[in-house]
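J.: My questions will all concern the structure given below.
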Amino acid sequence: MNWGKDILFSLVLFLLASFCLLSILGINSEPLPELKLDISKPTEPWIIEIIPPGGSIFSVLANQNVPPQEIGLLAYNFGDYIDVTTIQPGDTLKVLLSEDKQHIKKLMFVQEPTTRHHFTVSGDSLIYHLEALPVKKAKRIIEGTIQETLDATLLTMGFAPQDKQAINNGLETEINFSRDARNGDQFLVFVEERIFEGKTLPGRKIFYVQYTGERTGTCELFRYEDAEENSVLNGLYTIEGKSCHSNGVGFPLSVIHVVSSFGKRLDPFHGSWANHQGVDYRAHYGTPVYAVAGGKVTTASYNGGWGNEIRINHPSGLSTQYAHLSSINVHKGQNVKKGQIIGRVGSTGRSTGAHLHFGLIKGKKYINPTNLKMVGTEKLNETQMARFKSQQQTILQEMENLKHPGPLITKK
């Protein structure tokens, strides 16, 4: 009897082991469903281009063999959202073309790792979205001692060339470095830095500069900030409100945003390459336009494609041009002063929208207006000085708080 039970028990174990083995090997009486990859959603074929040295949005898009007229209209509208003078080699442009490669559907332009400009093409216009990744801002005081030159010392301490130049230009209005600066002179700079993923981004905002030397004495500069972020007045001034960049011509507008720069570009009207004989500034219709320097008005009338146009001859031998105006406030033969309102922004003549075309002429030849050294003002006015004095006190208090932080208060 026992041996019968043993045989039965062994048979059961054999069947169980066989079933387990078949399960492990994947053998089943019913076929498994066939696995298929989902390829119904094709990936979008984005073209990624890096802006090369000497390159531009125009040249990068032209390399993709997109029709020139489309590139011209797109690139011109592009400038309404991004000041083209801020485009630098190394910036990234991502482009999504239509299936026939004849139209641009979307763009993404990346400046720094933190700022991404998204564009969707809709007819002749763009739908724009800005994606700004969170950036930490931190203020700190940087102190140093001159070794050889201020330039060399600032660069050694990690200041970017543009920051170094801003400090140098400001101090040079008050100090004769070739005569009075000495090794061992002291300087202090109060800056705001932007930090992303533990790294300091280029471009510090400089709020205060102090230079102290045996021969130079002590020189202080403070940052003035107007209500407008891109105001031409923003920058370093002496305590008394004197500009650190007073020996230059003025700006034609109070706020500067370059839509289209000087030189070769695709014309937004007919799509062919043409030489743009000036700089286009974005501005609202009716914005005041200023004479950049004193001189005599030689043209103040409608002039074909230029629309309402003003031209001024200056004692330097140069002439300036202000085109597409909505109105003209001066007349031919009139003498004007630097900073005087001469007209207002418009879109007359051959124009795609309200803006100011500013040209610079030497003899009969147009030259690049960015070669001019432009300044916001020689000295802040009474209203601006009141604002400046308040800003000075805020800057000094923030520096004091950094030097002597108060005791930490813990909650019980």
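Residues in the structure tokens are named by chain (A, B, ... in the order shown) and by number from 1 within that chain; ligands are numbered from 1 in the order shown.
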For Tyr281 (chain A), work out the shell of residues within 8 Å, counting only C-alpha atoms and skipping chain neighbours fewer than 5 positions away, then give it as a PyMOL selection string.
T.: chain A and resi 256-260+355-358
J.: Restrict the selected residues to C-alpha atoms and save them as a PDB file, in the first residue's frame.
T.:
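File written: selection05.pdb
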```pdb
ATOM      1  CA  ILE A 256      17.113 101.482 -27.413  1.00  0.00           C
ATOM      2  CA  HIS A 257      16.165  98.142 -29.003  1.00  0.00           C
ATOM      3  CA  VAL A 258      17.812  97.324 -32.352  1.00  0.00           C
ATOM      4  CA  VAL A 259      15.480  95.563 -34.784  1.00  0.00           C
ATOM      5  CA  SER A 260      17.848  95.464 -37.746  1.00  0.00           C
ATOM      6  CA  HIS A 355      10.210 102.125 -36.113  1.00  0.00           C
ATOM      7  CA  LEU A 356      13.002 104.665 -36.530  1.00  0.00           C
ATOM      8  CA  HIS A 357      15.577 104.252 -39.266  1.00  0.00           C
ATOM      9  CA  PHE A 358      18.741 106.047 -38.169  1.00  0.00           C
TER      10      PHE A 358
END
```
J.: Would you list the contacts of region 180-194 of chain A as a ChimeraX atom specification, taking every protein, DNA or RNA residue within 9 Å and counting only C-alpha atoms, but skipping same-chain residues closer than 3 positions in sequence?
T.: /A:135-150,167,175-177,199-216,395,399
J.: Please produce an output containing C-alpha atoms for each residue in the selection, written as an mmCIF file, in the first residue's frame.
T.:
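Once written, result-v7.cif looks like this:
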```cif
data_model
loop_
_atom_site.group_PDB
_atom_site.id
_atom_site.type_symbol
_atom_site.label_atom_id
_atom_site.label_comp_id
_atom_site.auth_asym_id
_atom_site.auth_seq_id
_atom_site.Cartn_x
_atom_site.Cartn_y
_atom_site.Cartn_z
ATOM 1 C CA VAL A 135 18.171 82.180 -11.961
ATOM 2 C CA LYS A 136 19.461 83.056 -8.509
ATOM 3 C CA LYS A 137 20.656 86.644 -8.039
ATOM 4 C CA ALA A 138 23.306 87.451 -5.464
ATOM 5 C CA LYS A 139 25.048 90.711 -4.588
ATOM 6 C CA ARG A 140 28.599 90.814 -3.310
ATOM 7 C CA ILE A 141 31.519 93.150 -2.721
ATOM 8 C CA ILE A 142 34.763 92.509 -4.601
ATOM 9 C CA GLU A 143 37.943 94.210 -3.369
ATOM 10 C CA GLY A 144 41.379 94.269 -4.941
ATOM 11 C CA THR A 145 44.793 95.883 -5.144
ATOM 12 C CA ILE A 146 46.241 97.260 -8.378
ATOM 13 C CA GLN A 147 49.062 95.215 -9.875
ATOM 14 C CA GLU A 148 50.493 96.800 -13.058
ATOM 15 C CA THR A 149 47.158 98.116 -14.470
ATOM 16 C CA LEU A 150 43.498 98.217 -13.441
ATOM 17 C CA ILE A 167 34.504 100.097 -14.686
ATOM 18 C CA ILE A 175 41.172 109.755 -12.818
ATOM 19 C CA ASN A 176 44.232 110.253 -15.022
ATOM 20 C CA PHE A 177 45.548 106.688 -14.850
ATOM 21 C CA LYS A 199 27.727 78.662 -12.096
ATOM 22 C CA THR A 200 27.978 82.453 -12.437
ATOM 23 C CA LEU A 201 26.572 83.675 -15.750
ATOM 24 C CA PRO A 202 28.414 86.322 -17.798
ATOM 25 C CA GLY A 203 27.528 89.967 -17.295
ATOM 26 C CA ARG A 204 27.500 91.433 -13.804
ATOM 27 C CA LYS A 205 25.358 94.456 -12.962
ATOM 28 C CA ILE A 206 27.697 97.022 -11.409
ATOM 29 C CA PHE A 207 26.096 99.172 -8.696
ATOM 30 C CA TYR A 208 29.095 100.879 -7.109
ATOM 31 C CA VAL A 209 32.789 101.455 -7.818
ATOM 32 C CA GLN A 210 35.357 102.986 -5.464
ATOM 33 C CA TYR A 211 38.999 103.686 -6.281
ATOM 34 C CA THR A 212 41.497 104.934 -3.682
ATOM 35 C CA GLY A 213 45.104 105.915 -4.256
ATOM 36 C CA GLU A 214 47.759 108.236 -2.804
ATOM 37 C CA ARG A 215 47.733 110.466 -5.886
ATOM 38 C CA THR A 216 44.174 109.885 -7.081
ATOM 39 C CA ILE A 395 23.215 100.932 -2.489
ATOM 40 C CA MET A 399 26.790 97.254 1.142
#
```
J.: Mind checking DSSP for region 287-407 of chain A and telling me the strand (DSSP E or B) residues as a PyMOL selection string?
T.: chain A and resi 288-290+295-302+308-313+318-328+335-336+341-346+355-362+365-367+374-375+379
J.: Sorted by chain and rising residue number, list the residues of region 240-354 of chain A at most 7 Å from region 362-375 of chain A (counting only C-alpha atoms), each with its closest atom pair and distance in Å to one decimal, as CSV.
T.:
```
residue,atom,partner,partner_atom,distance
A:His245,CA,A:Val375,CA,6.0
A:Ser246,CA,A:Val375,CA,6.4
A:Gly248,CA,A:Lys373,CA,5.2
A:Val249,CA,A:Met374,CA,4.8
A:Gly250,CA,A:Val375,CA,5.0
A:Phe251,CA,A:Met374,CA,5.8
A:Phe262,CA,A:Asn368,CA,5.9
A:Gln277,CA,A:Tyr366,CA,6.0
A:Gly278,CA,A:Asn368,CA,6.5
A:Val279,CA,A:Pro369,CA,6.9
A:Leu318,CA,A:Lys362,CA,5.1
A:Ser319,CA,A:Lys362,CA,6.6
```
J.: Store the residues picked out above in a file with C-alpha atoms, as a CSV table (one decimal), in the first residue's frame.
T.:
```csv
chain,number,residue,atom,x,y,z
A,245,HIS,CA,30.4,108.8,-20.7
A,246,SER,CA,29.8,112.5,-21.4
A,248,GLY,CA,29.8,111.5,-27.1
A,249,VAL,CA,26.7,112.1,-29.2
A,250,GLY,CA,23.2,111.5,-27.8
A,251,PHE,CA,20.8,108.6,-28.6
A,262,PHE,CA,23.7,98.0,-40.4
A,277,GLN,CA,22.1,101.6,-44.8
A,278,GLY,CA,21.5,102.3,-41.2
A,279,VAL,CA,20.1,100.9,-37.9
A,318,LEU,CA,29.0,114.0,-40.6
A,319,SER,CA,25.2,114.0,-41.4
```
J.: Between A:His129, A:Gly305, A:Gln88, A:Asn329, single out the one closest to Gly286 (chain A), counting only C-alpha atoms.
T.: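 Among A:His129, A:Gly305, A:Gln88, A:Asn329, it is A:Asn329 that comes nearest to Gly286 (chain A).
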J.: So, counting only C-alpha atoms, which residue among A:Leu221, A:Met108, A:Ala166, A:Leu155 is closest to Leu130 (chain A)?
T.: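 The answer is A:Met108, which sits nearest to Leu130 (chain A).
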J.: Using only C-alpha atoms, which residue out of A:Thr377, A:Ser178, A:Ser390, A:Gln64 lies closest to Leu96 (chain A)?
T.: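 For Leu96 (chain A), the nearest of the given residues is A:Gln64.
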J.: Identify which of the residues A:Phe78, A:Tyr128, A:Phe388, A:Phe119 lies closest to Gly241 (chain A), counting only C-alpha atoms when measuring atom-to-atom distances.
T.: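 For Gly241 (chain A), the nearest of the candidates is A:Phe388.
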J.: I need the residues in region 150-231 of chain A that are alpha helix (DSSP H) according to DSSP; give them as JSON, numbers by chain.
T.: {"A": [150, 151, 152, 153, 154, 155, 156, 161, 162, 163, 164, 165, 166, 167, 168, 169, 170, 171, 172, 177, 178, 179, 180]}
J.: What is the distance, in Å and to one decimal place, between CA of Phe109 (chain A) and CA of Leu97 (chain A)?
T.: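 About the pair CA of Phe109 (chain A) and CA of Leu97 (chain A): they are 14.7 Å apart.
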J.: Can you pull out every residue within 9 Å of Lys332 (chain A), counting only C-alpha atoms, but drop anything in the same chain fewer than 5 positions away, and send it as a ChimeraX atom specification?
T.: /A:296-301,310-311
J.: Within 9 Å of Asn234 (chain A), counting only C-alpha atoms, which residues qualify if same-chain residues fewer than 5 places away don't, as a PyMOL selection string?
T.: chain A and resi 223-226+228-229+376
J.: Keeping N, CA and C atoms, export the residues of the selection given above as a tab-separated table (two decimals), in the first residue's frame.
T.:
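Printed below is result39.tsv as written:
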```tsv
chain	number	residue	atom	x	y	z
A	223	ARG	N	25.46	103.48	-9.65
A	223	ARG	CA	24.59	103.15	-10.77
A	223	ARG	C	23.26	103.87	-10.65
A	224	TYR	N	22.84	104.49	-11.76
A	224	TYR	CA	21.50	105.08	-11.85
A	224	TYR	C	20.65	104.18	-12.72
A	225	GLU	N	19.41	103.91	-12.27
A	225	GLU	CA	18.49	103.11	-13.06
A	225	GLU	C	17.19	103.87	-13.25
A	226	ASP	N	16.81	104.02	-14.53
A	226	ASP	CA	15.56	104.68	-14.88
A	226	ASP	C	14.43	103.66	-14.77
A	228	GLU	N	12.57	102.56	-17.17
A	228	GLU	CA	12.63	101.65	-18.31
A	228	GLU	C	13.89	100.81	-18.25
A	229	GLU	N	13.73	99.49	-18.44
A	229	GLU	CA	14.87	98.58	-18.34
A	229	GLU	C	15.96	98.90	-19.36
A	376	GLY	N	23.75	108.71	-22.94
A	376	GLY	CA	22.38	109.05	-22.58
A	376	GLY	C	22.21	110.51	-22.21
```
J.: Quick one: residues within 10 Å of Leu126 (chain A), only C-alpha atoms, excluding same-chain residues fewer than 2 positions away - as a list of chain:residue names?
T.: A:Leu74, A:Asn77, A:Phe78, A:Asp80, A:Tyr81, A:Lys105, A:Lys106, A:Leu107, A:His118, A:Phe119, A:Thr120, A:Val121, A:Ser122, A:Gly123, A:Asp124, A:Tyr128, A:His129
J.: Find the distance between CA of Pro288 (chain A) and CA of His331 (chain A) and write it in Å to one decimal.
T.: 16.3 Å
J.: Mind checking which residues fall within 9 Å of Val110 (chain A), counting only C-alpha atoms, ignoring those fewer than 3 positions away in the same chain, and posting them as a short mmCIF file (atom, residue, chain, number, x, y, z; two decimals) with N, CA and C atoms, in the first residue's frame?
T.:
```cif
data_model
loop_
_atom_site.label_atom_id
_atom_site.label_comp_id
_atom_site.auth_asym_id
_atom_site.auth_seq_id
_atom_site.Cartn_x
_atom_site.Cartn_y
_atom_site.Cartn_z
N ASP A 91 25.38 81.24 -29.66
CA ASP A 91 23.95 81.11 -29.41
C ASP A 91 23.39 80.03 -30.33
N THR A 92 22.29 79.41 -29.92
CA THR A 92 21.73 78.27 -30.65
C THR A 92 20.39 78.62 -31.28
N LEU A 93 20.24 78.22 -32.55
CA LEU A 93 18.97 78.40 -33.26
C LEU A 93 18.45 77.04 -33.69
N LYS A 94 17.23 76.71 -33.26
CA LYS A 94 16.58 75.48 -33.68
C LYS A 94 15.45 75.84 -34.64
N PRO A 113 22.28 79.57 -21.17
CA PRO A 113 21.50 78.35 -20.95
C PRO A 113 20.13 78.62 -20.36
N THR A 114 19.85 79.88 -19.98
CA THR A 114 18.65 80.17 -19.19
C THR A 114 17.53 80.83 -19.96
N THR A 115 17.79 81.36 -21.14
CA THR A 115 16.79 82.14 -21.87
C THR A 115 16.49 81.48 -23.21
N ARG A 116 15.25 81.08 -23.40
CA ARG A 116 14.84 80.40 -24.63
C ARG A 116 13.65 81.13 -25.24
N HIS A 117 13.83 81.59 -26.46
CA HIS A 117 12.79 82.33 -27.18
C HIS A 117 12.10 81.37 -28.15
N HIS A 118 10.80 81.17 -27.97
CA HIS A 118 10.03 80.26 -28.83
C HIS A 118 9.19 81.07 -29.81
#
```
J.: With a distance cut-off of 9 Å and only C-alpha atoms, select the neighbouring residues of His103 (chain A), excluding the residue or stretch itself and same-chain residues fewer than 5 positions from it, and output the selection as a PyMOL selection string.
T.: chain A and resi 66-67+70-71+96-98
J.: Please, could you write that set of residues out with N, CA and C atoms as an mmCIF file, in the first residue's frame?
T.:
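selection10.cif was written with the following content:
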```
data_model
loop_
_atom_site.group_PDB
_atom_site.id
_atom_site.type_symbol
_atom_site.label_atom_id
_atom_site.label_comp_id
_atom_site.auth_asym_id
_atom_site.auth_seq_id
_atom_site.Cartn_x
_atom_site.Cartn_y
_atom_site.Cartn_z
ATOM 1 N N VAL A 66 16.005 77.907 -47.542
ATOM 2 C CA VAL A 66 14.633 78.395 -47.432
ATOM 3 C C VAL A 66 14.491 79.604 -48.356
ATOM 4 N N PRO A 67 13.337 79.798 -49.007
ATOM 5 C CA PRO A 67 13.166 80.950 -49.893
ATOM 6 C C PRO A 67 13.561 82.253 -49.211
ATOM 7 N N GLU A 70 10.945 84.594 -47.484
ATOM 8 C CA GLU A 70 10.433 84.097 -46.204
ATOM 9 C C GLU A 70 11.410 84.403 -45.081
ATOM 10 N N ILE A 71 12.700 84.206 -45.349
ATOM 11 C CA ILE A 71 13.719 84.489 -44.340
ATOM 12 C C ILE A 71 13.733 85.977 -44.015
ATOM 13 N N LEU A 96 12.306 74.369 -37.322
ATOM 14 C CA LEU A 96 11.440 73.306 -37.808
ATOM 15 C C LEU A 96 10.823 73.755 -39.127
ATOM 16 N N LEU A 97 11.163 73.075 -40.208
ATOM 17 C CA LEU A 97 10.684 73.430 -41.547
ATOM 18 C C LEU A 97 9.442 72.623 -41.912
ATOM 19 N N SER A 98 8.707 73.110 -42.903
ATOM 20 C CA SER A 98 7.589 72.358 -43.456
ATOM 21 C C SER A 98 8.130 71.147 -44.226
#
```
J.: To one decimal place in Å, what is the distance between CA of Val232 (chain A) and CA of Asp163 (chain A)?
T.: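 A separation of 17.2 Å between them.
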J.: From the options A:Arg282, A:Gly339, A:Glu197, A:Lys389, which residue's atoms come nearest to Phe222 (chain A), counting only C-alpha atoms?
T.: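 Residue with the minimum atom-to-atom distance to Phe222 (chain A): A:Lys389.
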